[in-house]
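Next comes my_file-v9.txt, with compact mmCIF, C-alpha atoms and all ligand atoms.
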# COMPACT_ATOMS: atom_id res chain seq x y z
CA MET A 745 54.39 86.17 145.32
CA PRO A 746 51.47 88.02 143.63
CA ASP A 747 50.92 88.36 139.92
CA PRO A 748 49.73 91.97 139.60
CA SER A 749 50.03 92.25 135.81
CA PRO A 750 51.18 90.27 132.77
CA ASN A 751 54.42 92.25 132.89
CA TRP A 752 55.17 91.88 136.58
CA ARG A 753 58.31 89.90 135.73
CA HIS A 754 59.60 92.72 133.55
CA ALA A 755 58.82 95.32 136.22
CA LEU A 756 60.71 93.29 138.80
CA ILE A 757 63.67 92.75 136.46
CA ASP A 758 63.85 96.48 135.72
CA ALA A 759 63.77 97.34 139.42
CA LEU A 760 66.55 94.96 140.47
CA PRO A 761 70.18 96.07 140.49
CA LYS A 762 72.24 93.67 138.37
CA ALA A 763 75.83 92.78 137.60
CA GLU A 764 76.92 91.49 134.22
CA LEU A 765 79.75 88.95 134.32
CA HIS A 766 79.91 87.62 130.76
CA LEU A 767 80.17 90.27 128.07
CA HIS A 768 82.67 90.47 125.23
CA ILE A 769 83.09 94.17 124.53
CA GLU A 770 83.81 93.48 120.84
CA GLY A 771 80.48 91.64 120.76
CA SER A 772 78.66 94.85 121.66
CA LEU A 773 79.57 96.39 118.30
CA GLU A 774 76.17 97.31 116.87
CA PRO A 775 75.79 97.40 113.06
CA GLU A 776 75.29 101.20 113.19
CA MET A 777 78.61 101.65 115.00
CA LEU A 778 80.30 99.16 112.69
CA PHE A 779 79.28 101.35 109.76
CA ALA A 780 80.23 104.59 111.51
CA LEU A 781 83.69 103.30 112.47
CA ALA A 782 84.28 101.81 109.01
CA ARG A 783 83.59 105.26 107.55
CA ARG A 784 85.65 107.12 110.18
CA ASN A 785 88.64 104.82 109.67
CA GLY A 786 88.30 104.21 105.92
CA VAL A 787 87.92 100.45 106.40
CA ALA A 788 86.12 98.48 103.69
CA ILE A 789 83.41 96.13 104.99
CA PRO A 790 81.61 93.47 102.97
CA PHE A 791 78.13 94.81 103.73
CA ALA A 792 76.11 97.44 101.85
CA SER A 793 73.83 98.45 104.72
CA VAL A 794 72.98 98.06 108.39
CA GLU A 795 70.15 95.76 107.30
CA ALA A 796 72.59 93.56 105.38
CA VAL A 797 74.71 93.23 108.51
CA ARG A 798 71.72 92.25 110.60
CA ALA A 799 70.68 89.72 107.98
CA ALA A 800 74.14 88.15 108.20
CA TYR A 801 73.64 87.58 111.94
CA SER A 802 72.11 84.16 111.41
CA PHE A 803 74.23 81.40 112.88
CA THR A 804 74.03 77.65 113.22
CA ASN A 805 76.93 77.22 115.65
CA LEU A 806 79.69 79.05 117.52
CA GLN A 807 82.14 79.04 114.59
CA ASP A 808 79.58 80.65 112.24
CA PHE A 809 79.30 83.53 114.67
CA LEU A 810 83.04 83.79 115.32
CA ASP A 811 83.75 84.21 111.61
CA ILE A 812 81.62 87.35 111.42
CA TYR A 813 82.69 88.54 114.90
CA TYR A 814 86.36 88.70 113.83
CA GLN A 815 85.35 90.45 110.62
CA GLY A 816 83.46 93.11 112.60
CA MET A 817 86.46 93.74 114.86
CA GLY A 818 88.41 94.99 111.82
CA VAL A 819 86.86 98.47 112.14
CA LEU A 820 88.29 98.98 115.65
CA LEU A 821 91.59 100.79 115.15
CA THR A 822 92.06 103.70 117.56
CA ARG A 823 91.88 104.28 121.30
CA GLN A 824 88.84 106.46 120.59
CA ASP A 825 87.11 103.54 118.80
CA PHE A 826 87.53 101.29 121.84
CA PHE A 827 86.39 104.12 124.10
CA ASP A 828 83.25 104.76 122.04
CA LEU A 829 82.44 101.05 121.85
CA THR A 830 82.78 100.57 125.61
CA LEU A 831 80.90 103.71 126.59
CA ALA A 832 78.02 102.72 124.27
CA TYR A 833 77.83 99.36 126.05
CA LEU A 834 77.88 100.97 129.50
CA THR A 835 75.11 103.36 128.47
CA ARG A 836 72.99 100.36 127.43
CA ALA A 837 73.85 98.58 130.68
CA LYS A 838 72.80 101.64 132.68
CA ALA A 839 69.37 101.52 131.00
CA ASP A 840 69.04 97.91 132.27
CA ASN A 841 69.86 98.97 135.85
CA VAL A 842 73.26 97.28 135.73
CA ARG A 843 75.49 98.49 138.57
CA HIS A 844 78.64 96.44 137.99
CA VAL A 845 80.24 94.81 134.94
CA GLU A 846 83.13 92.42 134.47
CA ILE A 847 83.81 92.54 130.75
CA PHE A 848 86.06 90.59 128.41
CA PHE A 849 88.27 91.84 125.64
CA ASP A 850 90.24 89.83 123.08
CA PRO A 851 93.63 91.54 122.70
CA GLN A 852 94.95 88.91 120.27
CA GLY A 853 92.07 89.77 117.93
CA HIS A 854 93.57 93.26 117.75
CA THR A 855 97.33 92.75 118.02
CA GLU A 856 97.32 90.17 115.22
CA ARG A 857 95.93 92.83 112.86
CA GLY A 858 98.43 95.46 113.95
CA VAL A 859 96.48 97.29 116.67
CA ALA A 860 98.64 97.66 119.78
CA PHE A 861 97.60 96.05 123.05
CA GLY A 862 97.58 99.46 124.73
CA THR A 863 95.33 101.03 122.09
CA ALA A 864 92.58 98.56 122.95
CA ALA A 865 93.26 98.37 126.68
CA ASP A 866 93.58 102.14 127.21
CA GLY A 867 90.45 102.93 125.20
CA ILE A 868 88.40 100.38 127.15
CA LEU A 869 89.86 101.41 130.53
CA ASP A 870 89.23 105.11 129.80
CA ALA A 871 85.56 104.32 129.13
CA LEU A 872 85.26 102.11 132.23
CA ALA A 873 86.59 104.99 134.34
CA GLU A 874 84.14 107.38 132.69
CA GLY A 875 81.34 104.84 133.23
CA GLU A 876 82.06 104.75 136.93
CA ALA A 877 82.32 108.53 137.25
CA ARG A 878 79.34 109.44 135.08
CA LEU A 879 77.04 106.39 135.18
CA GLY A 880 77.92 104.94 138.58
CA ILE A 881 78.81 101.55 137.09
CA THR A 882 81.80 99.82 138.71
CA SER A 883 83.79 97.41 136.58
CA GLY A 884 86.55 94.90 136.07
CA LEU A 885 88.35 94.15 132.81
CA ILE A 886 89.16 90.53 131.92
CA LEU A 887 91.78 89.75 129.30
CA CYS A 888 90.68 86.72 127.27
CA PHE A 889 93.02 84.41 125.42
CA LEU A 890 91.81 83.09 122.07
CA ARG A 891 91.81 79.32 122.45
CA HIS A 892 92.11 78.59 118.71
CA LEU A 893 95.61 80.13 118.91
CA ASP A 894 98.47 78.37 120.71
CA GLU A 895 99.61 78.81 124.28
CA GLU A 896 102.80 80.59 123.20
CA SER A 897 100.65 83.40 121.79
CA ALA A 898 98.67 83.54 125.06
CA LEU A 899 101.89 83.72 127.08
CA ALA A 900 103.21 86.52 124.85
CA THR A 901 99.93 88.40 125.35
CA LEU A 902 100.10 88.06 129.14
CA ASN A 903 103.66 89.35 128.98
CA GLU A 904 102.62 92.29 126.80
CA ALA A 905 99.85 93.10 129.32
CA GLY A 906 102.45 93.68 132.06
CA PRO A 907 102.15 97.48 132.35
CA TRP A 908 98.33 97.24 132.47
CA LEU A 909 97.99 94.39 134.96
CA GLY A 910 97.32 96.75 137.86
CA ARG A 911 94.08 97.68 136.09
CA ILE A 912 93.13 94.22 134.82
CA ALA A 913 91.00 92.02 137.08
CA GLY A 914 91.64 88.66 135.52
CA VAL A 915 92.15 86.44 132.51
CA GLY A 916 89.67 84.32 130.59
CA LEU A 917 89.53 81.86 127.72
CA ASP A 918 87.19 82.22 124.74
CA SER A 919 86.72 81.57 120.98
CA SER A 920 86.30 78.13 119.36
CA GLU A 921 85.80 75.64 122.18
CA LEU A 922 85.64 72.23 120.51
CA GLY A 923 89.08 70.73 119.96
CA HIS A 924 90.69 73.33 122.24
CA PRO A 925 90.35 71.94 125.78
CA PRO A 926 91.25 74.11 128.77
CA ALA A 927 94.37 72.04 129.55
CA LYS A 928 95.98 73.52 126.42
CA PHE A 929 96.38 76.73 128.49
CA ALA A 930 97.57 75.28 131.81
CA ARG A 931 100.88 77.19 131.87
CA VAL A 932 99.48 80.62 131.03
CA PHE A 933 96.71 80.27 133.62
CA ALA A 934 99.29 79.21 136.23
CA ALA A 935 101.33 82.29 135.33
CA ALA A 936 98.26 84.53 135.61
CA ARG A 937 97.42 83.01 138.99
CA GLY A 938 100.97 83.76 140.09
CA LEU A 939 100.38 87.40 139.15
CA GLY A 940 97.34 87.53 141.44
CA LEU A 941 94.78 87.68 138.62
CA LYS A 942 91.31 86.17 138.82
CA LEU A 943 90.68 83.28 136.44
CA VAL A 944 87.64 82.41 134.32
CA ALA A 945 87.14 80.23 131.24
CA HIS A 946 84.41 79.43 128.74
CA ALA A 947 83.60 75.75 129.17
CA GLY A 948 80.66 73.49 128.46
CA GLU A 949 79.00 75.73 125.86
CA GLU A 950 79.67 73.30 123.00
CA GLY A 951 82.42 71.33 124.75
CA PRO A 952 81.65 68.23 126.86
CA PRO A 953 81.47 68.08 130.69
CA PRO A 954 85.18 67.08 131.03
CA TYR A 955 86.08 70.53 129.64
CA VAL A 956 84.32 72.07 132.66
CA THR A 957 86.12 69.71 135.04
CA GLU A 958 89.43 70.56 133.35
CA ALA A 959 88.79 74.29 133.66
CA LEU A 960 88.26 73.78 137.40
CA ASP A 961 91.05 71.30 138.08
CA VAL A 962 93.75 72.16 135.57
CA LEU A 963 93.23 75.91 135.18
CA GLY A 964 91.85 76.47 138.70
CA VAL A 965 89.23 78.96 137.51
CA ASP A 966 87.15 81.04 139.91
CA ARG A 967 84.10 80.98 137.61
CA ILE A 968 82.82 79.06 134.57
CA ASP A 969 81.49 80.93 131.53
CA HIS A 970 78.39 79.16 130.14
CA GLY A 971 78.76 75.71 131.73
CA ASN A 972 75.51 74.41 130.16
CA ARG A 973 76.84 70.93 129.50
CA ALA A 974 77.95 70.47 133.11
CA LEU A 975 74.34 69.38 133.66
CA GLU A 976 75.11 66.14 131.80
CA ASP A 977 77.34 64.97 134.66
CA PRO A 978 75.62 64.57 138.07
CA ALA A 979 78.92 64.34 139.96
CA LEU A 980 80.08 67.58 138.36
CA VAL A 981 76.77 69.24 139.25
CA ALA A 982 77.18 68.13 142.87
CA ARG A 983 80.65 69.66 142.93
CA ILE A 984 79.52 72.95 141.34
CA VAL A 985 76.82 73.21 144.00
CA SER A 986 79.01 72.28 146.97
CA GLU A 987 81.86 74.60 145.90
CA ALA A 988 79.39 77.40 145.02
CA ILE A 989 80.88 77.83 141.57
CA THR A 990 79.23 80.57 139.52
CA LEU A 991 78.06 79.81 135.97
CA THR A 992 77.62 82.78 133.64
CA VAL A 993 74.73 81.63 131.45
CA CYS A 994 73.79 83.52 128.26
CA PRO A 995 70.24 82.59 127.18
CA LEU A 996 69.87 84.60 123.94
CA SER A 997 73.38 83.57 122.89
CA ASN A 998 72.49 79.92 123.51
CA LEU A 999 69.41 80.37 121.34
CA LYS A 1000 71.19 82.22 118.50
CA LEU A 1001 74.08 79.74 118.40
CA CYS A 1002 71.72 76.74 118.49
CA VAL A 1003 73.10 75.51 121.82
CA ILE A 1004 69.40 75.19 122.73
CA PRO A 1005 66.48 74.77 120.27
CA GLY A 1006 64.22 77.20 122.16
CA LEU A 1007 64.32 79.44 125.23
CA ALA A 1008 61.92 77.09 127.03
CA LEU A 1009 64.86 74.67 127.02
CA SER A 1010 67.27 77.15 128.59
CA PRO A 1011 69.06 75.38 131.47
CA VAL A 1012 68.62 78.38 133.80
CA LYS A 1013 65.63 77.09 135.74
CA ARG A 1014 67.08 73.61 136.08
CA MET A 1015 70.32 75.09 137.36
CA LEU A 1016 68.43 77.11 139.97
CA ASP A 1017 66.40 74.03 140.96
CA LEU A 1018 69.64 72.11 141.44
CA GLY A 1019 71.06 74.86 143.64
CA ILE A 1020 73.65 76.06 141.12
CA ARG A 1021 74.69 79.70 141.31
CA ALA A 1022 73.55 80.60 137.79
CA THR A 1023 73.66 84.14 136.43
CA ILE A 1024 72.14 85.82 133.36
CA ASN A 1025 74.39 87.59 130.86
CA SER A 1026 74.37 88.87 127.29
CA ASP A 1027 77.67 87.49 125.86
CA ASP A 1028 77.75 89.32 122.48
CA PRO A 1029 74.54 91.37 122.60
CA ALA A 1030 74.92 93.16 119.26
CA TYR A 1031 74.98 89.78 117.53
CA PHE A 1032 72.54 87.83 119.68
CA GLY A 1033 69.61 90.22 119.85
CA GLY A 1034 69.63 91.68 123.32
CA TYR A 1035 71.45 93.16 126.29
CA VAL A 1036 71.27 91.82 129.82
CA GLY A 1037 67.76 93.10 130.55
CA ALA A 1038 66.44 91.46 127.36
CA ASN A 1039 68.10 88.20 128.42
CA TYR A 1040 66.43 88.32 131.83
CA ARG A 1041 63.03 89.13 130.31
CA ALA A 1042 63.25 86.46 127.63
CA VAL A 1043 64.26 83.70 129.99
CA ALA A 1044 61.88 84.76 132.77
CA ASP A 1045 58.94 84.68 130.34
CA ALA A 1046 59.92 81.45 128.57
CA LEU A 1047 60.59 79.56 131.81
CA GLU A 1048 57.82 81.34 133.77
CA LEU A 1049 60.31 82.11 136.50
CA SER A 1050 58.92 83.00 139.91
CA ALA A 1051 59.72 86.32 141.56
CA ASP A 1052 62.02 84.45 143.97
CA GLU A 1053 63.91 82.91 141.06
CA ILE A 1054 64.34 86.27 139.34
CA VAL A 1055 65.59 87.80 142.60
CA THR A 1056 67.99 84.87 143.04
CA LEU A 1057 69.47 85.49 139.58
CA ALA A 1058 70.11 89.15 140.42
CA ARG A 1059 71.57 88.19 143.81
CA ASN A 1060 73.79 85.57 142.14
CA SER A 1061 75.18 88.15 139.74
CA PHE A 1062 76.75 90.03 142.65
CA ALA A 1063 77.57 86.95 144.73
CA GLY A 1064 79.52 85.57 141.76
CA SER A 1065 81.32 88.84 141.00
CA PHE A 1066 84.86 89.82 141.95
CA LEU A 1067 83.59 92.80 143.97
CA SER A 1068 84.72 93.17 147.57
CA GLU A 1069 82.71 91.42 150.27
CA GLU A 1070 81.45 94.81 151.41
CA ALA A 1071 80.30 95.91 147.93
CA ARG A 1072 78.59 92.58 147.29
CA ALA A 1073 76.74 92.82 150.59
CA ARG A 1074 75.62 96.37 149.81
CA HIS A 1075 74.17 95.44 146.41
CA ILE A 1076 72.53 92.29 147.77
CA ALA A 1077 70.94 94.28 150.62
CA GLU A 1078 69.38 96.59 148.02
CA ILE A 1079 68.08 93.55 146.11
CA GLU A 1080 66.52 92.12 149.30
CA ALA A 1081 64.81 95.45 149.99
CA ILE A 1082 63.35 95.56 146.47
CA ALA A 1083 62.25 91.92 146.73
CA ALA A 1084 60.53 92.63 150.06
CA ALA A 1085 58.75 95.69 148.65
CA PHE A 1086 57.67 93.71 145.59
CA ALA A 1087 56.20 90.94 147.73
ZN ZN B 1101 81.26 84.34 125.74
Now that the file is in, can you turn its structure into structure tokens?
Amino acid sequence: MPDPSPNWRHALIDALPKAELHLHIEGSLEPEMLFALARRNGVAIPFASVEAVRAAYSFTNLQDFLDIYYQGMGVLLTRQDFFDLTLAYLTRAKADNVRHVEIFFDPQGHTERGVAFGTAADGILDALAEGEARLGITSGLILCFLRHLDEESALATLNEAGPWLGRIAGVGLDSSELGHPPAKFARVFAAARGLGLKLVAHAGEEGPPPYVTEALDVLGVDRIDHGNRALEDPALVARIVSEAITLTVCPLSNLKLCVIPGLALSPVKRMLDLGIRATINSDDPAYFGGYVGANYRAVADALELSADEIVTLARNSFAGSFLSEEARARHIAEIEAIAAAFA
């Protein structure tokens, strides 16, 4: 395809409809909102200014980040807080031409500090409904279990979620990966499957390839979050390709958490070359320096992605979503039309 200007990749990325499949809503808490909510709720925070918060966002691994992530969550207390947080994210997503989101929340991060499950869930769901009505963004909410806690706590959380399950798309698994293999949550994932929920799990971000295999075989997940280290195992790669398993890759997150030493070493291009259904996502954008559009632009520039590769990433984001067949086809048809016009 032609190269009309130095920013042709950015123009194409802006024009393409996108879905975001890997976003922790608590990770979209910008320093400005953290300060505003701390003031509104009278919560003390260990930072003197927005600049001090940003300066603290320097991590060497996943745990470094998680420590500050859980601290930030402490300002989220009311249904209105969760509503404001979620609507702010959707407004950002709209600016990136995102049409559909499947977002995570961490109820145990709230219930363990005395905030009721429903306070978080209702606030987020209210905003998702408003986002669809006002911004035209469809959505699914995924309840994540914190893997550093035990399975009993996850089972109790799934039980507590009962009245909301009609409005929850699926369950996921996040937080500290190393030392907490997917198999630790076999029973709660089986229970969630029995309830008709979709299943996803973080695997292969810091954890080894067998964690990815375990997520597929033991948990029976529909999608793998991250999955970078799957590339170390050729047999696993062959399986991911043949079963068309979606990987939700997060380039700026990988960079910030030192999963990769530079964006030029992002696995996205290699995954596409191998025929893996890779997608681009922002993970915890307030902490990692960019929303989904910024992730696309950064990785497209660093890897010098072709127009076809950029279009494939956008197409994959819908193909890997939990949207209906009809909705997926509609979004993908729009992508094909934009790709054809761009060519
Ligand atoms: Zn994540």
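All residues, whether protein, DNA or RNA, that have an atom at most 10 Å from ligand ZN 1101 (chain B) (counting only C-alpha atoms and all ligand atoms) are Leu765, His766, Leu767, His768, Gly771, Leu806, Ile847, Phe848, Cys888, Gly916, Leu917, Asp918, Ser919, Ala945, His946, Ala947, Glu949, Asp969, His970, Thr992, Val993, Cys994, Ser997, Asn1025, Ser1026, Asp1027 and Asp1028 of chain A.
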I'd like the interatomic distance between CA of Phe1062 (chain A) and CA of Asp850 (chain A), to a tenth of an Å. 23.8 Å
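Across the model, the gap from CA of Ile912 (chain A) to CA of Glu1078 (chain A) is 27.3 Å.
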For a cut-off of 12 Å around (63.6, 92.2, 146.6), file coordinates, pick out all residues using only C-alpha atoms and list them as a compact mmCIF listing (two decimals) with C-alpha atoms, in the frame of the given file.
# COMPACT_ATOMS: atom_id res chain seq x y z
CA MET A 745 54.39 86.17 145.32
CA ALA A 755 58.82 95.32 136.22
CA LEU A 756 60.71 93.29 138.80
CA ILE A 757 63.67 92.75 136.46
CA ASP A 758 63.85 96.48 135.72
CA ALA A 759 63.77 97.34 139.42
CA LEU A 760 66.55 94.96 140.47
CA PRO A 761 70.18 96.07 140.49
CA ALA A 1051 59.72 86.32 141.56
CA ASP A 1052 62.02 84.45 143.97
CA GLU A 1053 63.91 82.91 141.06
CA ILE A 1054 64.34 86.27 139.34
CA VAL A 1055 65.59 87.80 142.60
CA THR A 1056 67.99 84.87 143.04
CA LEU A 1057 69.47 85.49 139.58
CA ALA A 1058 70.11 89.15 140.42
CA ARG A 1059 71.57 88.19 143.81
CA HIS A 1075 74.17 95.44 146.41
CA ILE A 1076 72.53 92.29 147.77
CA ALA A 1077 70.94 94.28 150.62
CA GLU A 1078 69.38 96.59 148.02
CA ILE A 1079 68.08 93.55 146.11
CA GLU A 1080 66.52 92.12 149.30
CA ALA A 1081 64.81 95.45 149.99
CA ILE A 1082 63.35 95.56 146.47
CA ALA A 1083 62.25 91.92 146.73
CA ALA A 1084 60.53 92.63 150.06
CA ALA A 1085 58.75 95.69 148.65
CA PHE A 1086 57.67 93.71 145.59
CA ALA A 1087 56.20 90.94 147.73
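The closest residue to Leu1001 (chain A), picked from A:Val985, A:Glu874, A:Leu834, A:Tyr1031 and counting all atoms listed in the file, is A:Tyr1031.
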Point out the residue among A:Ala871, A:Ala1063, A:Val1003, A:Leu890 with the least atom-to-atom distance to Ala832 (chain A), counting all atoms listed in the file. A:Ala871
I'd like the interatomic distance between CA of Leu831 (chain A) and CA of Val797 (chain A), to a tenth of an Å. 21.8 Å
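Near Asn805 (chain A), within 10 Å and counting all atoms listed in the file, sit Glu950, Asn998, Leu999, Lys1000, Leu1001, Cys1002 and Val1003 of chain A; same-chain residues fewer than 6 positions away were not included.
The closest residue to Arg843 (chain A), picked from A:Ala763, A:Leu887, A:Ala982, A:Ala988 and counting all atoms listed in the file, is A:Ala763.
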Spatial neighbours of His924 (chain A), 9 Å, only C-alpha atoms, chain gap at least 3 places, as a tab-separated table (two decimals) with C-alpha atoms, in the frame of the given file:
chain	number	residue	atom	x	y	z
A	891	ARG	CA	91.81	79.32	122.45
A	892	HIS	CA	92.11	78.59	118.71
A	920	SER	CA	86.30	78.13	119.36
A	921	GLU	CA	85.80	75.64	122.18
A	927	ALA	CA	94.37	72.04	129.55
A	928	LYS	CA	95.98	73.52	126.42
A	951	GLY	CA	82.42	71.33	124.75
